[in-house]
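Structure file query_25.txt (compact mmCIF, N, CA and C atoms) follows.
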# COMPACT_ATOMS: atom_id res chain seq x y z
N MET A 1145 56.12 -138.58 36.08
CA MET A 1145 57.00 -137.55 35.59
C MET A 1145 56.28 -136.20 35.55
N LEU A 1146 57.07 -135.16 35.63
CA LEU A 1146 56.52 -133.82 35.67
C LEU A 1146 55.74 -133.47 34.40
N ASN A 1147 56.22 -133.90 33.25
CA ASN A 1147 55.50 -133.60 32.01
C ASN A 1147 54.09 -134.19 32.00
N ARG A 1148 53.90 -135.33 32.61
CA ARG A 1148 52.56 -135.93 32.67
C ARG A 1148 51.61 -135.07 33.49
N VAL A 1149 52.12 -134.54 34.60
CA VAL A 1149 51.29 -133.67 35.45
C VAL A 1149 50.94 -132.39 34.70
N LEU A 1150 51.92 -131.82 34.00
CA LEU A 1150 51.67 -130.60 33.23
C LEU A 1150 50.69 -130.87 32.10
N THR A 1151 50.79 -132.03 31.46
CA THR A 1151 49.85 -132.40 30.39
C THR A 1151 48.44 -132.51 30.95
N ALA A 1152 48.30 -133.07 32.14
CA ALA A 1152 46.98 -133.18 32.77
C ALA A 1152 46.38 -131.79 33.00
N LEU A 1153 47.21 -130.84 33.42
CA LEU A 1153 46.72 -129.46 33.59
C LEU A 1153 46.29 -128.86 32.26
N MET A 1154 47.08 -129.08 31.21
CA MET A 1154 46.75 -128.56 29.88
C MET A 1154 45.38 -129.06 29.43
N GLU A 1155 45.16 -130.34 29.57
CA GLU A 1155 43.91 -130.95 29.11
C GLU A 1155 42.73 -130.52 29.96
N ARG A 1156 42.93 -130.41 31.24
CA ARG A 1156 41.85 -130.10 32.17
C ARG A 1156 41.39 -128.65 32.04
N GLU A 1157 42.30 -127.76 31.76
CA GLU A 1157 41.97 -126.34 31.84
C GLU A 1157 42.10 -125.57 30.53
N SER A 1158 42.28 -126.25 29.41
CA SER A 1158 42.37 -125.58 28.11
C SER A 1158 43.43 -124.48 28.09
N LEU A 1159 44.60 -124.81 28.56
CA LEU A 1159 45.71 -123.87 28.60
C LEU A 1159 46.49 -123.88 27.29
N ARG A 1160 47.25 -122.81 27.07
CA ARG A 1160 48.15 -122.73 25.93
C ARG A 1160 49.53 -123.25 26.31
N GLN A 1161 49.87 -123.11 27.58
CA GLN A 1161 51.18 -123.51 28.05
C GLN A 1161 51.13 -123.86 29.52
N ALA A 1162 51.85 -124.90 29.90
CA ALA A 1162 52.10 -125.23 31.31
C ALA A 1162 53.59 -125.54 31.39
N ALA A 1163 54.30 -124.81 32.22
CA ALA A 1163 55.74 -124.99 32.32
C ALA A 1163 56.17 -124.88 33.77
N MET A 1164 57.33 -125.46 34.06
CA MET A 1164 57.90 -125.38 35.40
C MET A 1164 59.34 -124.91 35.25
N ILE A 1165 59.70 -123.87 36.03
CA ILE A 1165 61.08 -123.41 36.07
C ILE A 1165 61.62 -123.62 37.48
N ASP A 1166 62.95 -123.64 37.58
CA ASP A 1166 63.55 -123.74 38.90
C ASP A 1166 63.82 -122.34 39.46
N ASP A 1167 64.42 -122.27 40.63
CA ASP A 1167 64.66 -120.99 41.28
C ASP A 1167 65.71 -120.14 40.58
N MET A 1168 66.39 -120.69 39.60
CA MET A 1168 67.36 -119.95 38.80
C MET A 1168 66.79 -119.55 37.44
N GLY A 1169 65.52 -119.87 37.19
CA GLY A 1169 64.86 -119.52 35.94
C GLY A 1169 65.07 -120.53 34.82
N ARG A 1170 65.65 -121.67 35.12
CA ARG A 1170 65.88 -122.71 34.10
C ARG A 1170 64.60 -123.53 33.91
N LEU A 1171 64.30 -123.81 32.67
CA LEU A 1171 63.12 -124.62 32.34
C LEU A 1171 63.35 -126.06 32.77
N LEU A 1172 62.47 -126.56 33.63
CA LEU A 1172 62.54 -127.95 34.08
C LEU A 1172 61.68 -128.86 33.21
N ALA A 1173 60.51 -128.36 32.84
CA ALA A 1173 59.58 -129.13 32.02
C ALA A 1173 58.58 -128.16 31.42
N GLY A 1174 58.05 -128.53 30.28
CA GLY A 1174 57.06 -127.67 29.66
C GLY A 1174 56.23 -128.43 28.65
N VAL A 1175 54.95 -128.07 28.59
CA VAL A 1175 54.02 -128.65 27.64
C VAL A 1175 53.30 -127.48 26.98
N THR A 1176 53.25 -127.48 25.65
CA THR A 1176 52.65 -126.38 24.92
C THR A 1176 51.70 -126.92 23.86
N GLU A 1177 51.06 -125.98 23.17
CA GLU A 1177 50.25 -126.34 22.01
C GLU A 1177 51.18 -126.86 20.91
N PRO A 1178 50.67 -127.65 19.99
CA PRO A 1178 51.50 -128.15 18.89
C PRO A 1178 52.16 -127.00 18.13
N GLY A 1179 53.43 -127.18 17.81
CA GLY A 1179 54.17 -126.19 17.04
C GLY A 1179 54.70 -125.02 17.84
N GLN A 1180 54.52 -125.03 19.14
CA GLN A 1180 54.98 -123.94 20.00
C GLN A 1180 56.11 -124.43 20.91
N ALA A 1181 56.89 -123.50 21.39
CA ALA A 1181 57.93 -123.80 22.38
C ALA A 1181 57.56 -123.10 23.69
N PRO A 1182 57.92 -123.68 24.83
CA PRO A 1182 57.62 -123.02 26.10
C PRO A 1182 58.22 -121.62 26.16
N GLU A 1183 57.43 -120.66 26.66
CA GLU A 1183 57.85 -119.27 26.75
C GLU A 1183 58.14 -118.87 28.19
N ALA A 1184 58.70 -119.77 28.96
CA ALA A 1184 58.89 -119.52 30.38
C ALA A 1184 59.76 -118.30 30.66
N ALA A 1185 60.79 -118.08 29.86
CA ALA A 1185 61.74 -116.99 30.12
C ALA A 1185 61.07 -115.62 30.12
N ARG A 1186 60.02 -115.44 29.35
CA ARG A 1186 59.39 -114.12 29.28
C ARG A 1186 58.64 -113.76 30.56
N HIS A 1187 58.40 -114.72 31.43
CA HIS A 1187 57.68 -114.47 32.67
C HIS A 1187 58.62 -114.23 33.86
N ILE A 1188 59.89 -114.46 33.68
CA ILE A 1188 60.85 -114.31 34.78
C ILE A 1188 60.91 -112.87 35.30
N PRO A 1189 60.95 -111.83 34.43
CA PRO A 1189 60.98 -110.46 34.98
C PRO A 1189 59.77 -110.14 35.87
N LEU A 1190 58.60 -110.65 35.53
CA LEU A 1190 57.41 -110.44 36.36
C LEU A 1190 57.60 -111.11 37.72
N LEU A 1191 58.11 -112.32 37.73
CA LEU A 1191 58.34 -113.03 38.98
C LEU A 1191 59.38 -112.31 39.83
N VAL A 1192 60.46 -111.87 39.21
CA VAL A 1192 61.51 -111.15 39.94
C VAL A 1192 60.96 -109.86 40.56
N ALA A 1193 60.18 -109.11 39.78
CA ALA A 1193 59.60 -107.86 40.29
C ALA A 1193 58.67 -108.14 41.47
N ALA A 1194 57.87 -109.18 41.39
CA ALA A 1194 56.96 -109.52 42.48
C ALA A 1194 57.74 -109.93 43.73
N LEU A 1195 58.80 -110.71 43.57
CA LEU A 1195 59.61 -111.13 44.71
C LEU A 1195 60.33 -109.94 45.34
N GLU A 1196 60.83 -109.04 44.51
CA GLU A 1196 61.50 -107.85 45.04
C GLU A 1196 60.53 -106.96 45.80
N ALA A 1197 59.34 -106.75 45.27
CA ALA A 1197 58.33 -105.95 45.96
C ALA A 1197 57.95 -106.59 47.29
N GLN A 1198 57.78 -107.88 47.28
CA GLN A 1198 57.41 -108.60 48.50
C GLN A 1198 58.49 -108.43 49.57
N GLN A 1199 59.76 -108.52 49.18
CA GLN A 1199 60.85 -108.39 50.15
C GLN A 1199 61.01 -106.95 50.62
N GLN A 1200 60.96 -105.99 49.70
CA GLN A 1200 61.17 -104.59 50.06
C GLN A 1200 60.04 -104.03 50.92
N LEU A 1201 58.84 -104.47 50.68
CA LEU A 1201 57.69 -103.95 51.41
C LEU A 1201 57.32 -104.78 52.63
N GLY A 1202 57.99 -105.93 52.79
CA GLY A 1202 57.70 -106.77 53.94
C GLY A 1202 56.28 -107.27 53.97
N LEU A 1203 55.79 -107.72 52.83
CA LEU A 1203 54.39 -108.11 52.71
C LEU A 1203 54.10 -109.56 53.09
N GLY A 1204 55.07 -110.27 53.57
CA GLY A 1204 54.86 -111.68 53.86
C GLY A 1204 55.34 -112.53 52.71
N GLU A 1205 54.87 -113.75 52.65
CA GLU A 1205 55.32 -114.68 51.61
C GLU A 1205 54.56 -114.47 50.31
N LEU A 1206 55.27 -114.65 49.21
CA LEU A 1206 54.64 -114.61 47.89
C LEU A 1206 54.30 -116.03 47.47
N HIS A 1207 53.05 -116.25 47.12
CA HIS A 1207 52.61 -117.58 46.71
C HIS A 1207 52.28 -117.67 45.23
N GLU A 1208 51.74 -116.58 44.68
CA GLU A 1208 51.36 -116.61 43.27
C GLU A 1208 51.23 -115.20 42.72
N VAL A 1209 51.31 -115.12 41.40
CA VAL A 1209 51.12 -113.87 40.68
C VAL A 1209 50.14 -114.17 39.54
N TRP A 1210 49.14 -113.32 39.36
CA TRP A 1210 48.15 -113.47 38.29
C TRP A 1210 48.24 -112.27 37.37
N THR A 1211 48.05 -112.48 36.10
CA THR A 1211 47.86 -111.37 35.17
C THR A 1211 46.66 -111.71 34.30
N GLU A 1212 45.89 -110.68 33.97
CA GLU A 1212 44.74 -110.84 33.09
C GLU A 1212 44.79 -109.77 32.03
N GLY A 1213 44.46 -110.14 30.82
CA GLY A 1213 44.43 -109.24 29.68
C GLY A 1213 44.04 -110.08 28.48
N GLU A 1214 44.68 -109.85 27.35
CA GLU A 1214 44.42 -110.72 26.19
C GLU A 1214 44.83 -112.15 26.51
N GLU A 1215 45.89 -112.27 27.32
CA GLU A 1215 46.31 -113.58 27.81
C GLU A 1215 46.18 -113.57 29.32
N ARG A 1216 45.98 -114.73 29.87
CA ARG A 1216 45.94 -114.88 31.32
C ARG A 1216 47.12 -115.72 31.73
N THR A 1217 47.75 -115.33 32.81
CA THR A 1217 48.93 -116.03 33.29
C THR A 1217 48.82 -116.24 34.79
N LEU A 1218 49.23 -117.40 35.24
CA LEU A 1218 49.35 -117.70 36.66
C LEU A 1218 50.77 -118.19 36.91
N LEU A 1219 51.47 -117.52 37.80
CA LEU A 1219 52.77 -117.98 38.28
C LEU A 1219 52.55 -118.44 39.71
N ASP A 1220 52.87 -119.69 40.00
CA ASP A 1220 52.64 -120.25 41.32
C ASP A 1220 53.94 -120.80 41.86
N LEU A 1221 54.34 -120.34 43.04
CA LEU A 1221 55.55 -120.85 43.68
C LEU A 1221 55.20 -122.17 44.37
N ILE A 1222 55.34 -123.25 43.63
CA ILE A 1222 54.98 -124.58 44.13
C ILE A 1222 55.84 -124.94 45.33
N THR A 1223 57.15 -124.73 45.21
CA THR A 1223 58.12 -124.87 46.30
C THR A 1223 59.09 -123.70 46.14
N PRO A 1224 59.99 -123.50 47.08
CA PRO A 1224 60.99 -122.44 46.88
C PRO A 1224 61.88 -122.68 45.66
N TYR A 1225 61.86 -123.89 45.12
CA TYR A 1225 62.74 -124.25 44.01
C TYR A 1225 62.00 -124.58 42.71
N ARG A 1226 60.68 -124.50 42.73
CA ARG A 1226 59.87 -124.80 41.55
C ARG A 1226 58.77 -123.76 41.39
N VAL A 1227 58.71 -123.16 40.20
CA VAL A 1227 57.68 -122.16 39.89
C VAL A 1227 56.89 -122.66 38.68
N LEU A 1228 55.60 -122.76 38.85
CA LEU A 1228 54.70 -123.19 37.79
C LEU A 1228 54.23 -121.98 36.99
N ILE A 1229 54.21 -122.11 35.67
CA ILE A 1229 53.71 -121.05 34.80
C ILE A 1229 52.57 -121.64 33.97
N LEU A 1230 51.38 -121.08 34.13
CA LEU A 1230 50.23 -121.47 33.32
C LEU A 1230 49.83 -120.27 32.48
N GLN A 1231 49.54 -120.52 31.21
CA GLN A 1231 49.17 -119.42 30.33
C GLN A 1231 48.07 -119.89 29.38
N GLY A 1232 47.11 -119.01 29.15
CA GLY A 1232 46.03 -119.29 28.23
C GLY A 1232 45.30 -118.01 27.87
N GLN A 1233 44.39 -118.12 26.94
CA GLN A 1233 43.63 -116.94 26.53
C GLN A 1233 42.24 -116.92 27.13
N VAL A 1234 41.72 -118.06 27.44
CA VAL A 1234 40.40 -118.14 28.05
C VAL A 1234 40.48 -119.02 29.28
N GLY A 1235 39.45 -119.01 30.03
CA GLY A 1235 39.40 -119.86 31.21
C GLY A 1235 39.25 -119.03 32.46
N ARG A 1236 38.82 -119.69 33.48
CA ARG A 1236 38.63 -119.02 34.76
C ARG A 1236 39.85 -119.29 35.63
N LEU A 1237 40.50 -118.22 36.07
CA LEU A 1237 41.72 -118.36 36.85
C LEU A 1237 41.47 -119.14 38.15
N GLY A 1238 40.29 -119.00 38.71
CA GLY A 1238 39.96 -119.75 39.92
C GLY A 1238 39.99 -121.25 39.68
N ARG A 1239 39.56 -121.67 38.52
CA ARG A 1239 39.62 -123.11 38.18
C ARG A 1239 41.06 -123.56 38.01
N TRP A 1240 41.88 -122.71 37.37
CA TRP A 1240 43.30 -123.04 37.24
C TRP A 1240 43.89 -123.26 38.63
N ARG A 1241 43.59 -122.32 39.52
CA ARG A 1241 44.12 -122.38 40.89
C ARG A 1241 43.66 -123.64 41.60
N HIS A 1242 42.40 -123.98 41.44
CA HIS A 1242 41.88 -125.20 42.06
C HIS A 1242 42.62 -126.43 41.54
N SER A 1243 42.85 -126.50 40.24
CA SER A 1243 43.57 -127.63 39.65
C SER A 1243 45.01 -127.69 40.16
N VAL A 1244 45.64 -126.53 40.29
CA VAL A 1244 47.01 -126.50 40.82
C VAL A 1244 47.02 -127.01 42.26
N ASP A 1245 46.07 -126.56 43.08
CA ASP A 1245 46.01 -127.03 44.46
C ASP A 1245 45.81 -128.54 44.52
N HIS A 1246 44.97 -129.06 43.65
CA HIS A 1246 44.70 -130.49 43.60
C HIS A 1246 45.96 -131.29 43.24
N LEU A 1247 46.80 -130.72 42.37
CA LEU A 1247 48.00 -131.42 41.89
C LEU A 1247 49.29 -130.92 42.55
N ARG A 1248 49.18 -130.09 43.57
CA ARG A 1248 50.36 -129.45 44.18
C ARG A 1248 51.43 -130.46 44.61
N SER A 1249 51.07 -131.52 45.27
CA SER A 1249 52.06 -132.50 45.72
C SER A 1249 52.77 -133.14 44.54
N ALA A 1250 52.02 -133.51 43.51
CA ALA A 1250 52.63 -134.11 42.32
C ALA A 1250 53.54 -133.10 41.63
N LEU A 1251 53.13 -131.84 41.55
CA LEU A 1251 53.95 -130.81 40.92
C LEU A 1251 55.24 -130.58 41.71
N ALA A 1252 55.17 -130.69 43.01
CA ALA A 1252 56.33 -130.46 43.86
C ALA A 1252 57.32 -131.60 43.83
N HIS A 1253 56.83 -132.82 43.63
CA HIS A 1253 57.70 -133.99 43.79
C HIS A 1253 57.94 -134.81 42.53
N ALA A 1254 57.25 -134.50 41.46
CA ALA A 1254 57.40 -135.30 40.23
C ALA A 1254 58.82 -135.17 39.69
N ARG A 1255 59.31 -136.27 39.19
CA ARG A 1255 60.65 -136.30 38.59
C ARG A 1255 60.67 -135.48 37.31
N VAL A 1256 61.76 -134.79 37.10
CA VAL A 1256 61.93 -133.94 35.92
C VAL A 1256 62.47 -134.78 34.78
N SER A 1257 61.90 -134.57 33.57
CA SER A 1257 62.39 -135.22 32.36
C SER A 1257 62.56 -134.17 31.29
N GLU A 1258 62.66 -134.60 30.06
CA GLU A 1258 62.84 -133.66 28.95
C GLU A 1258 61.60 -132.82 28.70
N VAL A 1259 61.78 -131.71 28.01
CA VAL A 1259 60.67 -130.81 27.66
C VAL A 1259 59.94 -131.41 26.46
N ASN A 1260 58.60 -131.51 26.57
CA ASN A 1260 57.79 -132.07 25.49
C ASN A 1260 56.81 -131.03 24.97
N HIS A 1261 56.32 -131.26 23.77
CA HIS A 1261 55.25 -130.45 23.21
C HIS A 1261 53.99 -131.27 23.23
N HIS A 1262 52.89 -130.63 23.58
CA HIS A 1262 51.58 -131.27 23.65
C HIS A 1262 51.16 -131.74 22.24
N VAL A 1263 50.62 -132.93 22.18
CA VAL A 1263 50.13 -133.45 20.89
C VAL A 1263 48.65 -133.71 20.95

As structure tokens, how would this structure be written, given the file I've shared?
Amino acid sequence: MLNRVLTALMERESLRQAAMIDDMGRLLAGVTEPGQAPEAARHIPLLVAALEAQQQLGLGELHEVWTEGEERTLLDLITPYRVLILQGQVGRLGRWRHSVDHLRSALAHARVSEVNHHV
């Protein structure tokens, strides 16, 4: 199941949140720290802006968006219909990316279930 794959990412990379949305922005699955809810919706405007820029400027395909600051975020277009959102305060983004690449097939094909909170 998709939540198991997201939980593996959380444990491996010390993330605050791992979530998957569909191409319409609907939450498919999410794993967070205890007492938190997935914040996937707050990242949709960033994804939309990146997709619009990519299309308007003819820059080729968009594969991922990174942000760094007090929080670090990785948005990865796993498939045209699944977008992974990873968020944390510490960690090396390159390691996150490596873990995503390692689990890409599972992230793309795992069955969707209910949204869970990390325990």

Pick from A:His1242, A:Arg1226, A:Arg1160, A:His1187, whichever lies nearest to Thr1211 in chain A using only C-alpha atoms: A:His1187

Who sits within 8 Å of Met1154 in chain A, all atoms listed in the file, same chain under 6 positions skipped, as JSON, numbers by chain: {"A": [1148, 1160, 1161, 1162, 1175, 1176]}

Within 7 Å of file point (44.8, -119.0, 30.2), counting only C-alpha atoms, expressed as a list in words: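 So the residues meeting the distance criterion are Leu1159, Arg1160, Glu1215, Arg1216, Thr1217, Leu1230, Gln1231, Gly1232, Gln1233, Val1234 and Gly1235 of chain A.
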
For CA of Pro1182 in chain A and CA of Glu1205 in chain A, the interatomic separation in Å (one decimal): 26.9 Å

DSSP-assigned alpha helix (DSSP H) members of chain A, reported as a PyMOL selection string: chain A and resi 1146-1157+1188-1201+1237-1253

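The spacing separating CA of Glu1155 in chain A from atom N of Met1168 in chain A amounts to 26.8 Å.
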
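Closest approach to Trp1210 in chain A from the set A:Gly1169, A:Gly1238, A:Gly1174, A:Pro1224 is made by A:Gly1238, with distances taken over only C-alpha atoms.
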
Residues of chain A in strand (DSSP E), written as a ChimeraX atom specification: /A:1161-1166,1171-1176,1208-1211,1216-1223,1226-1232

Point (53.1, -107.9, 44.7) neighbourhood (8 Å, all atoms listed in the file) written as an MDAnalysis selection string: chainID A and resid 1193:1198 1206 1208:1209

Need the shell around Tyr1225 in chain A: protein/DNA/RNA residues with any atom at most 12 Å away, counting only C-alpha atoms. Skip same-chain ones fewer than 5 positions apart. Format as an mmCIF file with N, CA and C atoms, keeping the file's coordinate frame?
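Okay, this is what ended up in out.cif:
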data_model
loop_
_atom_site.group_PDB
_atom_site.id
_atom_site.type_symbol
_atom_site.label_atom_id
_atom_site.label_comp_id
_atom_site.auth_asym_id
_atom_site.auth_seq_id
_atom_site.Cartn_x
_atom_site.Cartn_y
_atom_site.Cartn_z
ATOM 1 N N MET A 1164 57.330 -125.460 34.060
ATOM 2 C CA MET A 1164 57.900 -125.380 35.400
ATOM 3 C C MET A 1164 59.340 -124.910 35.250
ATOM 4 N N ILE A 1165 59.700 -123.870 36.030
ATOM 5 C CA ILE A 1165 61.080 -123.410 36.070
ATOM 6 C C ILE A 1165 61.620 -123.620 37.480
ATOM 7 N N ASP A 1166 62.950 -123.640 37.580
ATOM 8 C CA ASP A 1166 63.550 -123.740 38.900
ATOM 9 C C ASP A 1166 63.820 -122.340 39.460
ATOM 10 N N ASP A 1167 64.420 -122.270 40.630
ATOM 11 C CA ASP A 1167 64.660 -120.990 41.280
ATOM 12 C C ASP A 1167 65.710 -120.140 40.580
ATOM 13 N N MET A 1168 66.390 -120.690 39.600
ATOM 14 C CA MET A 1168 67.360 -119.950 38.800
ATOM 15 C C MET A 1168 66.790 -119.550 37.440
ATOM 16 N N GLY A 1169 65.520 -119.870 37.190
ATOM 17 C CA GLY A 1169 64.860 -119.520 35.940
ATOM 18 C C GLY A 1169 65.070 -120.530 34.820
ATOM 19 N N ARG A 1170 65.650 -121.670 35.120
ATOM 20 C CA ARG A 1170 65.880 -122.710 34.100
ATOM 21 C C ARG A 1170 64.600 -123.530 33.910
ATOM 22 N N LEU A 1171 64.300 -123.810 32.670
ATOM 23 C CA LEU A 1171 63.120 -124.620 32.340
ATOM 24 C C LEU A 1171 63.350 -126.060 32.770
ATOM 25 N N LEU A 1172 62.470 -126.560 33.630
ATOM 26 C CA LEU A 1172 62.540 -127.950 34.080
ATOM 27 C C LEU A 1172 61.680 -128.860 33.210
ATOM 28 N N ASP A 1220 52.870 -119.690 40.000
ATOM 29 C CA ASP A 1220 52.640 -120.250 41.320
ATOM 30 C C ASP A 1220 53.940 -120.800 41.860
ATOM 31 N N LEU A 1251 53.130 -131.840 41.550
ATOM 32 C CA LEU A 1251 53.950 -130.810 40.920
ATOM 33 C C LEU A 1251 55.240 -130.580 41.710
ATOM 34 N N ALA A 1252 55.170 -130.690 43.010
ATOM 35 C CA ALA A 1252 56.330 -130.460 43.860
ATOM 36 C C ALA A 1252 57.320 -131.600 43.830
ATOM 37 N N HIS A 1253 56.830 -132.820 43.630
ATOM 38 C CA HIS A 1253 57.700 -133.990 43.790
ATOM 39 C C HIS A 1253 57.940 -134.810 42.530
#
